[in-house]
>>> print(open('structure-v7.cif').read())   # mmCIF, C-alpha atoms
data_entry
#
loop_
_atom_site.group_PDB
_atom_site.id
_atom_site.type_symbol
_atom_site.label_atom_id
_atom_site.label_comp_id
_atom_site.auth_asym_id
_atom_site.auth_seq_id
_atom_site.Cartn_x
_atom_site.Cartn_y
_atom_site.Cartn_z
ATOM 1 C CA MET A 1 16.786 26.885 -12.751
ATOM 2 C CA PHE A 2 18.179 23.573 -11.527
ATOM 3 C CA ASN A 3 21.578 24.317 -13.071
ATOM 4 C CA GLN A 4 21.673 27.636 -11.251
ATOM 5 C CA ALA A 5 20.649 25.914 -8.021
ATOM 6 C CA ALA A 6 23.532 23.460 -8.333
ATOM 7 C CA GLN A 7 25.946 26.418 -8.412
ATOM 8 C CA GLU A 8 24.420 28.709 -5.796
ATOM 9 C CA LEU A 9 22.701 26.540 -3.159
ATOM 10 C CA ALA A 10 25.093 25.311 -0.489
ATOM 11 C CA THR A 11 23.345 23.749 2.489
ATOM 12 C CA VAL A 12 20.599 21.273 3.302
ATOM 13 C CA ARG A 13 18.496 24.241 4.410
ATOM 14 C CA ASP A 14 18.980 25.854 0.989
ATOM 15 C CA LEU A 15 17.964 22.692 -0.831
ATOM 16 C CA LEU A 16 14.946 22.151 1.406
ATOM 17 C CA ARG A 17 13.632 25.655 0.691
ATOM 18 C CA PHE A 18 14.258 25.181 -3.023
ATOM 19 C CA ALA A 19 12.496 21.799 -3.079
ATOM 20 C CA VAL A 20 9.398 23.058 -1.260
ATOM 21 C CA SER A 21 9.156 25.996 -3.663
ATOM 22 C CA ARG A 22 9.484 23.750 -6.705
ATOM 23 C CA PHE A 23 6.949 21.224 -5.370
ATOM 24 C CA ASN A 24 4.397 23.920 -4.605
ATOM 25 C CA ASP A 25 4.960 25.550 -7.985
ATOM 26 C CA ALA A 26 4.484 22.191 -9.738
ATOM 27 C CA GLY A 27 1.152 21.532 -8.013
ATOM 28 C CA LEU A 28 2.174 18.054 -6.918
ATOM 29 C CA PHE A 29 -0.269 15.559 -5.453
ATOM 30 C CA PHE A 30 0.748 14.057 -2.110
ATOM 31 C CA GLY A 31 -0.921 10.757 -1.361
ATOM 32 C CA HIS A 32 1.805 8.125 -1.487
ATOM 33 C CA GLY A 33 3.463 8.670 1.872
ATOM 34 C CA SER A 34 3.652 12.296 3.026
ATOM 35 C CA ASP A 35 0.778 14.739 2.633
ATOM 36 C CA ASN A 36 2.612 18.036 2.043
ATOM 37 C CA ALA A 37 5.524 19.523 0.124
ATOM 38 C CA HIS A 38 7.738 20.156 3.157
ATOM 39 C CA ASP A 39 7.625 16.624 4.559
ATOM 40 C CA GLU A 40 8.147 15.102 1.134
ATOM 41 C CA ALA A 41 11.153 17.353 0.477
ATOM 42 C CA VAL A 42 12.664 16.452 3.864
ATOM 43 C CA TYR A 43 12.251 12.759 3.166
ATOM 44 C CA LEU A 44 13.755 12.888 -0.312
ATOM 45 C CA ILE A 45 16.735 14.982 0.805
ATOM 46 C CA LEU A 46 17.560 12.885 3.878
ATOM 47 C CA HIS A 47 17.125 9.625 1.975
ATOM 48 C CA THR A 48 19.339 10.772 -0.892
ATOM 49 C CA LEU A 49 22.080 11.907 1.500
ATOM 50 C CA ASN A 50 21.892 8.638 3.482
ATOM 51 C CA LEU A 51 20.965 10.528 6.661
ATOM 52 C CA PRO A 52 18.556 9.331 9.396
ATOM 53 C CA LEU A 53 15.014 9.924 8.170
ATOM 54 C CA ASP A 54 13.855 11.164 11.581
ATOM 55 C CA THR A 55 16.677 13.657 12.164
ATOM 56 C CA LEU A 56 16.768 16.926 10.223
ATOM 57 C CA GLU A 57 17.796 19.757 12.541
ATOM 58 C CA PRO A 58 21.505 18.881 13.052
ATOM 59 C CA TYR A 59 22.059 18.748 9.287
ATOM 60 C CA LEU A 60 20.186 21.855 8.131
ATOM 61 C CA ASP A 61 23.280 24.041 7.866
ATOM 62 C CA ALA A 62 25.622 21.329 6.647
ATOM 63 C CA LYS A 63 27.319 22.248 3.373
ATOM 64 C CA LEU A 64 27.142 19.677 0.609
ATOM 65 C CA LEU A 65 29.658 18.492 -1.917
ATOM 66 C CA GLN A 66 28.906 19.425 -5.498
ATOM 67 C CA SER A 67 28.151 15.778 -6.284
ATOM 68 C CA GLU A 68 25.711 15.597 -3.353
ATOM 69 C CA ARG A 69 23.920 18.761 -4.474
ATOM 70 C CA GLU A 70 23.559 17.374 -7.975
ATOM 71 C CA GLU A 71 22.166 14.086 -6.691
ATOM 72 C CA VAL A 72 19.614 15.822 -4.453
ATOM 73 C CA LEU A 73 18.597 18.250 -7.188
ATOM 74 C CA SER A 74 18.169 15.372 -9.620
ATOM 75 C CA ILE A 75 15.639 13.605 -7.402
ATOM 76 C CA ILE A 76 13.862 16.879 -6.585
ATOM 77 C CA GLY A 77 13.670 17.626 -10.299
ATOM 78 C CA ARG A 78 12.196 14.243 -11.177
ATOM 79 C CA ARG A 79 9.547 14.610 -8.472
ATOM 80 C CA ALA A 80 8.634 18.139 -9.563
ATOM 81 C CA VAL A 81 8.792 17.752 -13.323
ATOM 82 C CA GLU A 82 7.679 14.145 -13.890
ATOM 83 C CA HIS A 83 5.283 13.879 -10.909
ATOM 84 C CA ILE A 84 6.779 10.502 -9.975
ATOM 85 C CA PRO A 85 5.680 9.389 -6.486
ATOM 86 C CA ALA A 86 8.503 9.660 -3.966
ATOM 87 C CA ALA A 87 8.329 5.939 -3.199
ATOM 88 C CA TYR A 88 9.295 5.103 -6.786
ATOM 89 C CA LEU A 89 12.232 7.499 -6.625
ATOM 90 C CA THR A 90 13.624 5.990 -3.421
ATOM 91 C CA HIS A 91 12.291 2.436 -3.964
ATOM 92 C CA GLN A 92 11.011 2.504 -0.403
ATOM 93 C CA ALA A 93 7.527 2.668 1.118
ATOM 94 C CA TRP A 94 6.444 2.464 4.731
ATOM 95 C CA GLN A 95 3.420 0.926 6.397
ATOM 96 C CA GLY A 96 3.499 1.323 10.139
ATOM 97 C CA GLU A 97 6.813 -0.082 11.333
ATOM 98 C CA PHE A 98 7.414 -2.017 8.104
ATOM 99 C CA ASP A 99 9.271 -0.760 5.065
ATOM 100 C CA PHE A 100 9.091 -2.337 1.634
ATOM 101 C CA TYR A 101 10.882 -2.216 -1.681
ATOM 102 C CA VAL A 102 8.625 -0.772 -4.388
ATOM 103 C CA ASP A 103 8.920 0.256 -8.009
ATOM 104 C CA GLU A 104 6.471 1.009 -10.800
ATOM 105 C CA ARG A 105 5.497 -2.663 -11.129
ATOM 106 C CA VAL A 106 3.287 -2.308 -8.016
ATOM 107 C CA ILE A 107 1.082 0.336 -6.464
ATOM 108 C CA VAL A 108 2.572 2.205 -3.516
ATOM 109 C CA PRO A 109 1.331 0.467 -0.318
ATOM 110 C CA ARG A 110 -1.393 2.486 1.401
ATOM 111 C CA SER A 111 -4.038 -0.025 2.458
ATOM 112 C CA PHE A 112 -5.818 0.515 5.774
ATOM 113 C CA ILE A 113 -6.023 -3.253 6.287
ATOM 114 C CA TYR A 114 -2.627 -3.413 7.989
ATOM 115 C CA GLU A 115 -4.074 -1.331 10.863
ATOM 116 C CA LEU A 116 -6.697 -4.007 11.535
ATOM 117 C CA LEU A 117 -4.576 -7.146 11.686
ATOM 118 C CA GLY A 118 -4.275 -8.638 15.155
ATOM 119 C CA ASP A 119 -6.148 -6.512 17.698
ATOM 120 C CA GLY A 120 -8.309 -4.826 15.051
ATOM 121 C CA ILE A 121 -10.243 -8.007 14.347
ATOM 122 C CA ARG A 122 -9.883 -9.579 17.801
ATOM 123 C CA PRO A 123 -13.647 -10.058 18.305
ATOM 124 C CA TRP A 124 -13.707 -12.369 15.255
ATOM 125 C CA ILE A 125 -10.305 -14.020 15.647
ATOM 126 C CA GLU A 126 -9.909 -14.354 19.405
ATOM 127 C CA HIS A 127 -6.340 -15.636 19.391
ATOM 128 C CA ASP A 128 -3.701 -15.028 16.705
ATOM 129 C CA GLU A 129 -2.642 -18.670 16.975
ATOM 130 C CA LEU A 130 -6.017 -19.704 15.537
ATOM 131 C CA VAL A 131 -4.944 -18.497 12.090
ATOM 132 C CA HIS A 132 -3.230 -21.503 10.518
ATOM 133 C CA ARG A 133 -3.726 -20.592 6.880
ATOM 134 C CA ALA A 134 -4.267 -17.122 5.436
ATOM 135 C CA LEU A 135 -4.689 -15.654 1.968
ATOM 136 C CA ASP A 136 -3.751 -12.251 0.573
ATOM 137 C CA LEU A 137 -5.618 -11.606 -2.685
ATOM 138 C CA CYS A 138 -4.094 -8.971 -5.005
ATOM 139 C CA THR A 139 -0.907 -8.971 -2.934
ATOM 140 C CA GLY A 140 1.012 -6.454 -5.058
ATOM 141 C CA SER A 141 4.271 -5.746 -3.224
ATOM 142 C CA GLY A 142 3.467 -8.465 -0.667
ATOM 143 C CA CYS A 143 3.138 -5.912 2.127
ATOM 144 C CA LEU A 144 -0.071 -7.278 3.664
ATOM 145 C CA ALA A 145 1.084 -10.888 3.412
ATOM 146 C CA ILE A 146 4.276 -9.972 5.259
ATOM 147 C CA GLN A 147 2.369 -8.142 7.986
ATOM 148 C CA MET A 148 -0.017 -11.087 8.293
ATOM 149 C CA ALA A 149 2.994 -13.330 8.878
ATOM 150 C CA HIS A 150 4.073 -10.990 11.667
ATOM 151 C CA HIS A 151 0.677 -10.881 13.390
ATOM 152 C CA TYR A 152 -0.142 -14.581 12.935
ATOM 153 C CA PRO A 153 3.070 -16.466 13.720
ATOM 154 C CA ASP A 154 1.545 -19.925 13.133
ATOM 155 C CA ALA A 155 0.067 -19.097 9.730
ATOM 156 C CA GLN A 156 1.107 -20.306 6.313
ATOM 157 C CA ILE A 157 0.153 -17.624 3.824
ATOM 158 C CA ASP A 158 -0.681 -17.674 0.122
ATOM 159 C CA ALA A 159 -0.105 -14.351 -1.657
ATOM 160 C CA VAL A 160 -1.964 -14.126 -4.978
ATOM 161 C CA ASP A 161 -1.649 -11.681 -7.842
ATOM 162 C CA LEU A 162 -2.546 -11.650 -11.528
ATOM 163 C CA SER A 163 0.585 -9.618 -12.323
ATOM 164 C CA LEU A 164 3.864 -11.487 -12.673
ATOM 165 C CA ASP A 165 5.630 -8.135 -12.369
ATOM 166 C CA ALA A 166 4.001 -7.560 -8.989
ATOM 167 C CA LEU A 167 4.959 -11.032 -7.790
ATOM 168 C CA GLU A 168 8.586 -10.305 -8.653
ATOM 169 C CA VAL A 169 8.470 -7.288 -6.343
ATOM 170 C CA ALA A 170 6.679 -9.298 -3.657
ATOM 171 C CA ALA A 171 9.433 -11.922 -3.849
ATOM 172 C CA ILE A 172 12.036 -9.245 -3.086
ATOM 173 C CA ASN A 173 10.165 -8.143 0.029
ATOM 174 C CA ILE A 174 9.443 -11.669 1.228
ATOM 175 C CA GLU A 175 13.137 -12.511 0.931
ATOM 176 C CA ASP A 176 14.108 -9.292 2.711
ATOM 177 C CA TYR A 177 11.960 -10.346 5.675
ATOM 178 C CA GLY A 178 13.156 -13.958 5.558
ATOM 179 C CA LEU A 179 9.634 -15.340 5.057
ATOM 180 C CA GLU A 180 10.185 -17.607 2.051
ATOM 181 C CA ASP A 181 9.182 -20.657 4.122
ATOM 182 C CA ARG A 182 5.891 -19.123 5.271
ATOM 183 C CA ILE A 183 4.597 -17.108 2.292
ATOM 184 C CA SER A 184 3.880 -18.794 -1.040
ATOM 185 C CA LEU A 185 3.444 -16.621 -4.128
ATOM 186 C CA VAL A 186 0.674 -17.703 -6.510
ATOM 187 C CA HIS A 187 0.169 -16.345 -10.030
ATOM 188 C CA THR A 188 -3.566 -16.437 -10.677
ATOM 189 C CA ASP A 189 -6.692 -14.300 -10.968
ATOM 190 C CA LEU A 190 -8.278 -14.032 -7.507
ATOM 191 C CA PHE A 191 -9.363 -17.545 -6.412
ATOM 192 C CA GLU A 192 -8.841 -19.292 -9.746
ATOM 193 C CA GLY A 193 -7.040 -22.612 -9.288
ATOM 194 C CA LEU A 194 -6.721 -22.367 -5.495
ATOM 195 C CA ASP A 195 -7.536 -25.558 -3.604
ATOM 196 C CA GLU A 196 -6.866 -24.543 0.008
ATOM 197 C CA THR A 197 -9.250 -23.147 2.618
ATOM 198 C CA TYR A 198 -8.306 -20.341 4.978
ATOM 199 C CA ASP A 199 -8.987 -18.939 8.418
ATOM 200 C CA LEU A 200 -8.408 -15.384 7.178
ATOM 201 C CA ILE A 201 -8.650 -13.845 3.709
ATOM 202 C CA VAL A 202 -7.647 -10.229 3.146
ATOM 203 C CA SER A 203 -7.768 -8.247 -0.053
ATOM 204 C CA ASN A 204 -6.995 -4.736 -1.194
ATOM 205 C CA PRO A 205 -8.265 -5.240 -4.754
ATOM 206 C CA PRO A 206 -8.569 -2.652 -7.526
ATOM 207 C CA TYR A 207 -11.567 -0.502 -6.597
ATOM 208 C CA VAL A 208 -11.408 2.820 -8.443
ATOM 209 C CA ASP A 209 -14.485 3.477 -10.589
ATOM 210 C CA ALA A 210 -14.102 4.422 -14.251
ATOM 211 C CA GLU A 211 -14.980 8.097 -13.760
ATOM 212 C CA SER A 212 -12.425 8.474 -10.967
ATOM 213 C CA VAL A 213 -9.709 6.685 -12.960
ATOM 214 C CA GLU A 214 -10.099 9.337 -15.651
ATOM 215 C CA ALA A 215 -9.642 12.088 -13.063
ATOM 216 C CA LEU A 216 -6.662 10.664 -11.155
ATOM 217 C CA PRO A 217 -3.715 13.013 -10.523
ATOM 218 C CA ASP A 218 -0.587 12.516 -12.628
ATOM 219 C CA GLU A 219 1.164 10.701 -9.779
ATOM 220 C CA TYR A 220 -1.259 7.775 -10.088
ATOM 221 C CA LEU A 221 -0.513 7.398 -13.787
ATOM 222 C CA HIS A 222 2.872 5.967 -12.800
ATOM 223 C CA GLU A 223 1.124 3.104 -10.990
ATOM 224 C CA PRO A 224 -0.024 -0.087 -12.766
ATOM 225 C CA GLU A 225 -3.453 0.499 -14.281
ATOM 226 C CA LEU A 226 -4.362 -3.126 -13.506
ATOM 227 C CA ALA A 227 -4.101 -2.385 -9.780
ATOM 228 C CA LEU A 228 -6.363 0.683 -9.775
ATOM 229 C CA GLY A 229 -9.547 0.441 -11.846
ATOM 230 C CA SER A 230 -12.164 -2.293 -11.585
ATOM 231 C CA GLY A 231 -15.058 -1.686 -13.944
ATOM 232 C CA GLU A 232 -17.599 1.089 -14.231
ATOM 233 C CA ASP A 233 -18.375 1.311 -10.510
ATOM 234 C CA GLY A 234 -15.029 0.023 -9.220
ATOM 235 C CA LEU A 235 -16.503 -3.145 -7.732
ATOM 236 C CA ASP A 236 -15.915 -5.836 -10.380
ATOM 237 C CA ALA A 237 -13.154 -7.538 -8.364
ATOM 238 C CA THR A 238 -15.006 -7.106 -5.063
ATOM 239 C CA ARG A 239 -18.100 -8.804 -6.501
ATOM 240 C CA GLN A 240 -16.036 -11.833 -7.462
ATOM 241 C CA ILE A 241 -14.494 -11.964 -4.016
ATOM 242 C CA ILE A 242 -17.883 -11.821 -2.284
ATOM 243 C CA LEU A 243 -19.292 -14.440 -4.654
ATOM 244 C CA GLN A 244 -16.501 -16.963 -4.101
ATOM 245 C CA ALA A 245 -14.975 -16.304 -0.674
ATOM 246 C CA ALA A 246 -17.193 -18.617 1.401
ATOM 247 C CA LYS A 247 -15.929 -21.616 -0.559
ATOM 248 C CA TYR A 248 -12.380 -20.806 0.515
ATOM 249 C CA LEU A 249 -13.050 -19.953 4.150
ATOM 250 C CA ASN A 250 -12.951 -22.408 7.027
ATOM 251 C CA PRO A 251 -15.828 -22.382 9.556
ATOM 252 C CA LYS A 252 -15.742 -19.059 11.439
ATOM 253 C CA GLY A 253 -13.258 -17.826 8.833
ATOM 254 C CA VAL A 254 -13.006 -14.082 8.231
ATOM 255 C CA LEU A 255 -12.966 -12.037 5.027
ATOM 256 C CA LEU A 256 -11.459 -8.527 5.165
ATOM 257 C CA VAL A 257 -11.699 -6.311 2.048
ATOM 258 C CA GLU A 258 -10.841 -2.680 1.315
ATOM 259 C CA ILE A 259 -13.082 -0.880 -1.186
ATOM 260 C CA GLY A 260 -12.136 2.803 -1.110
ATOM 261 C CA HIS A 261 -15.114 5.171 -1.263
ATOM 262 C CA ASN A 262 -17.586 2.566 -2.522
ATOM 263 C CA ARG A 263 -19.436 1.708 0.697
ATOM 264 C CA GLU A 264 -22.792 3.132 -0.372
ATOM 265 C CA VAL A 265 -22.706 1.415 -3.768
ATOM 266 C CA LEU A 266 -21.686 -1.908 -2.229
ATOM 267 C CA GLU A 267 -24.370 -1.889 0.454
ATOM 268 C CA ALA A 268 -27.007 -1.093 -2.176
ATOM 269 C CA ALA A 269 -25.801 -4.025 -4.281
ATOM 270 C CA TYR A 270 -25.859 -6.503 -1.365
ATOM 271 C CA PRO A 271 -28.638 -5.409 1.030
ATOM 272 C CA GLU A 272 -28.821 -8.935 2.456
ATOM 273 C CA LEU A 273 -25.198 -8.997 3.668
ATOM 274 C CA PRO A 274 -24.514 -7.769 7.230
ATOM 275 C CA PHE A 275 -21.296 -5.886 6.483
ATOM 276 C CA THR A 276 -19.222 -4.839 9.479
ATOM 277 C CA TRP A 277 -17.325 -1.625 8.678
ATOM 278 C CA LEU A 278 -14.147 -1.361 10.686
ATOM 279 C CA GLU A 279 -12.687 1.848 12.062
ATOM 280 C CA THR A 280 -9.384 2.888 10.473
ATOM 281 C CA SER A 281 -7.283 6.047 10.498
ATOM 282 C CA GLY A 282 -9.244 7.092 7.405
ATOM 283 C CA GLY A 283 -12.678 6.464 8.917
ATOM 284 C CA ASP A 284 -15.122 3.563 9.064
ATOM 285 C CA GLY A 285 -16.194 3.367 5.434
ATOM 286 C CA PHE A 286 -13.217 1.770 3.726
ATOM 287 C CA VAL A 287 -12.796 -1.813 5.001
ATOM 288 C CA PHE A 288 -15.543 -4.362 5.539
ATOM 289 C CA LEU A 289 -15.549 -7.675 7.372
ATOM 290 C CA LEU A 290 -17.739 -10.692 6.709
ATOM 291 C CA THR A 291 -17.536 -14.182 8.159
ATOM 292 C CA ARG A 292 -18.016 -17.378 6.194
ATOM 293 C CA GLU A 293 -21.342 -17.909 7.915
ATOM 294 C CA GLN A 294 -22.543 -14.414 6.997
ATOM 295 C CA LEU A 295 -21.586 -14.955 3.391
ATOM 296 C CA LEU A 296 -23.603 -18.176 3.381
ATOM 297 C CA GLY A 297 -26.569 -16.551 5.155
ATOM 298 C CA GLU A 298 -26.186 -18.822 8.179
ATOM 299 C CA GLU A 299 -26.120 -16.048 10.789
#
>>> encode(input="structure-v7.cif", output="structure tokens")
Amino acid sequence: MFNQAAQELATVRDLLRFAVSRFNDAGLFFGHGSDNAHDEAVYLILHTLNLPLDTLEPYLDAKLLQSEREEVLSIIGRRAVEHIPAAYLTHQAWQGEFDFYVDERVIVPRSFIYELLGDGIRPWIEHDELVHRALDLCTGSGCLAIQMAHHYPDAQIDAVDLSLDALEVAAINIEDYGLEDRISLVHTDLFEGLDETYDLIVSNPPYVDAESVEALPDEYLHEPELALGSGEDGLDATRQIILQAAKYLNPKGVLLVEIGHNREVLEAAYPELPFTWLETSGGDGFVFLLTREQLLGEE
């Protein structure tokens, strides 16, 4: 089918129709950027042809060179047949106004935490200049650490990950944004070996429970297993963070953690903790906030 397409399809419009048909036929899962076959096909085609990602209409009836058709069909084929997330095919992922290099050494950035930095936690951190030191646990591609550097211009940031592979990707992104002097990469398991204290700690740790890991769509199988599952109920890493965070927070320091769909399980496990659940584009059940004093039972 793809060989026939390379001979008979001529325009961007032709390739877009073909891609949407193939994606729908393949039953792809869309959760790593776009949420439907059409938008994903548009992105992959425009990216491959080095065209502006926000401009489709003027190019729809443009005829392609044979080499261009083959290149577009190759990336469409890999997405449809191998179920590889688009971000791994283009080595690009977006969060808000930021774009990052990604490959299969890191999960595709999709944390809600970036929406909350700055104004989102203003009641707890009144002025951005009050954040002098910050920590990103389980940094992965470094995306949250980089966005923290943007929102908190006076902050020195430690970005921690257990995966050396992930830290190599994070280093690429930190260099791309020219933040080598503000973000330090640390290879360790959560807080182990850290000797600093912080005004803000954020973490998007592994949080998928064992049953859900078994049922993940094929697209997720391309992501590092270490970055997805966290024990039977998905909260092994989160428990460690809650247990240790107060020691690493300055007075009035803030802890911000994403836990997926585990709110009910977490609240049942820690009925004494006054979790604040922050509103995100996905709802108010995915990211919690605790202060140092709340963790210590002092307020």
>>> resolve_selection(input="structure-v7.cif", expression="the PyMOL selection byres ((chain A and resi 199-206) around 9)", output="ChimeraX atom specification")
/A:111-113,125,130-139,144-145,197-198,207-208,226-230,234-238,241,245,248-259,287
>>> residues_around(input="structure-v7.cif", residues="Gln294 of chain A", least_positions_apart="4", cutoff="9 Å", atoms="only C-alpha atoms", output="PyMOL selection string")
chain A and resi 246+273-275+290+298-299
>>> atom_distance(input="structure-v7.cif", atom1="atom CA of Asp284 of chain A", atom2="atom CA of Asn262 of chain A")
11.9 Å
>>> closest_residue(input="structure-v7.cif", among="A:Glu175, A:Glu196, A:Asp39, A:Asp189", to="Asp158 of chain A", atoms="only C-alpha atoms")
A:Glu196
>>> closest_residue(input="structure-v7.cif", among="A:Val160, A:Leu167, A:Ile75, A:Leu64", to="Val102 of chain A", atoms="only C-alpha atoms")
A:Leu167
>>> closest_residue(input="structure-v7.cif", among="A:Ala19, A:Asp165, A:His32, A:Gly297", to="Arg78 of chain A", atoms="all atoms listed in the file")
A:Ala19
>>> closest_residue(input="structure-v7.cif", among="A:Ser184, A:Ser67, A:Thr11, A:Ser163", to="Arg105 of chain A", atoms="only C-alpha atoms")
A:Ser163
>>> closest_residue(input="structure-v7.cif", among="A:Ala80, A:Leu60, A:Leu117, A:Ile183", to="Ala26 of chain A", atoms="only C-alpha atoms")
A:Ala80
>>> resolve_selection(input="structure-v7.cif", expression="the PyMOL selection byres ((chain A and resi 156) around 6)", output="VMD selection string")
chain A and resid 133 155 157 182
>>> closest_residue(input="structure-v7.cif", among="A:Gly285, A:Val186, A:Gly142, A:Leu278", to="Trp124 of chain A", atoms="all atoms listed in the file")
A:Leu278
>>> resolve_selection(input="structure-v7.cif", expression="the PyMOL selection byres ((chain A and resi 118) around 8)", output="compact mmCIF listing (two decimals) with C-alpha atoms, keeping the file's coordinate frame")
# COMPACT_ATOMS: atom_id res chain seq x y z
CA LEU A 116 -6.70 -4.01 11.54
CA LEU A 117 -4.58 -7.15 11.69
CA ASP A 119 -6.15 -6.51 17.70
CA GLY A 120 -8.31 -4.83 15.05
CA ILE A 121 -10.24 -8.01 14.35
CA ARG A 122 -9.88 -9.58 17.80
CA ASP A 128 -3.70 -15.03 16.70
CA HIS A 151 0.68 -10.88 13.39
CA TYR A 152 -0.14 -14.58 12.94
>>> build_atoms(input="structure-v7.cif", residues="segment 181-194 of chain A", atoms="N, CA, C and O atoms", output="mmCIF file, in the frame of the given file")
data_model
loop_
_atom_site.group_PDB
_atom_site.id
_atom_site.type_symbol
_atom_site.label_atom_id
_atom_site.label_comp_id
_atom_site.auth_asym_id
_atom_site.auth_seq_id
_atom_site.Cartn_x
_atom_site.Cartn_y
_atom_site.Cartn_z
ATOM 1 N N ASP A 181 9.746 -19.373 3.690
ATOM 2 C CA ASP A 181 9.182 -20.657 4.122
ATOM 3 C C ASP A 181 7.749 -20.537 4.610
ATOM 4 O O ASP A 181 7.085 -21.549 4.858
ATOM 5 N N ARG A 182 7.243 -19.303 4.744
ATOM 6 C CA ARG A 182 5.891 -19.123 5.271
ATOM 7 C C ARG A 182 4.933 -18.493 4.272
ATOM 8 O O ARG A 182 3.713 -18.606 4.424
ATOM 9 N N ILE A 183 5.444 -17.774 3.271
ATOM 10 C CA ILE A 183 4.597 -17.108 2.292
ATOM 11 C C ILE A 183 4.845 -17.702 0.917
ATOM 12 O O ILE A 183 5.980 -17.700 0.430
ATOM 13 N N SER A 184 3.796 -18.221 0.302
ATOM 14 C CA SER A 184 3.880 -18.794 -1.040
ATOM 15 C C SER A 184 3.242 -17.829 -2.031
ATOM 16 O O SER A 184 2.105 -17.391 -1.839
ATOM 17 N N LEU A 185 3.964 -17.498 -3.085
ATOM 18 C CA LEU A 185 3.444 -16.621 -4.128
ATOM 19 C C LEU A 185 2.706 -17.445 -5.173
ATOM 20 O O LEU A 185 3.197 -18.484 -5.616
ATOM 21 N N VAL A 186 1.518 -16.973 -5.569
ATOM 22 C CA VAL A 186 0.674 -17.703 -6.510
ATOM 23 C C VAL A 186 0.263 -16.751 -7.631
ATOM 24 O O VAL A 186 -0.330 -15.694 -7.373
ATOM 25 N N HIS A 187 0.553 -17.155 -8.873
ATOM 26 C CA HIS A 187 0.169 -16.345 -10.030
ATOM 27 C C HIS A 187 -1.177 -16.828 -10.538
ATOM 28 O O HIS A 187 -1.284 -17.876 -11.194
ATOM 29 N N THR A 188 -2.230 -16.076 -10.202
ATOM 30 C CA THR A 188 -3.566 -16.437 -10.677
ATOM 31 C C THR A 188 -4.485 -15.233 -10.518
ATOM 32 O O THR A 188 -4.101 -14.206 -9.960
ATOM 33 N N ASP A 189 -5.698 -15.359 -11.030
ATOM 34 C CA ASP A 189 -6.692 -14.300 -10.968
ATOM 35 C C ASP A 189 -7.638 -14.580 -9.809
ATOM 36 O O ASP A 189 -8.471 -15.502 -9.884
ATOM 37 N N LEU A 190 -7.498 -13.835 -8.726
ATOM 38 C CA LEU A 190 -8.278 -14.032 -7.507
ATOM 39 C C LEU A 190 -8.209 -15.495 -7.053
ATOM 40 O O LEU A 190 -7.129 -16.006 -6.813
ATOM 41 N N PHE A 191 -9.358 -16.193 -6.973
ATOM 42 C CA PHE A 191 -9.363 -17.545 -6.412
ATOM 43 C C PHE A 191 -9.082 -18.635 -7.443
ATOM 44 O O PHE A 191 -9.017 -19.823 -7.078
ATOM 45 N N GLU A 192 -8.937 -18.287 -8.695
ATOM 46 C CA GLU A 192 -8.841 -19.292 -9.746
ATOM 47 C C GLU A 192 -7.696 -20.275 -9.489
ATOM 48 O O GLU A 192 -6.541 -19.890 -9.322
ATOM 49 N N GLY A 193 -8.048 -21.567 -9.441
ATOM 50 C CA GLY A 193 -7.040 -22.612 -9.288
ATOM 51 C C GLY A 193 -6.620 -22.888 -7.859
ATOM 52 O O GLY A 193 -5.857 -23.831 -7.621
ATOM 53 N N LEU A 194 -7.087 -22.118 -6.884
ATOM 54 C CA LEU A 194 -6.721 -22.367 -5.495
ATOM 55 C C LEU A 194 -7.502 -23.562 -4.964
ATOM 56 O O LEU A 194 -8.677 -23.739 -5.268
#
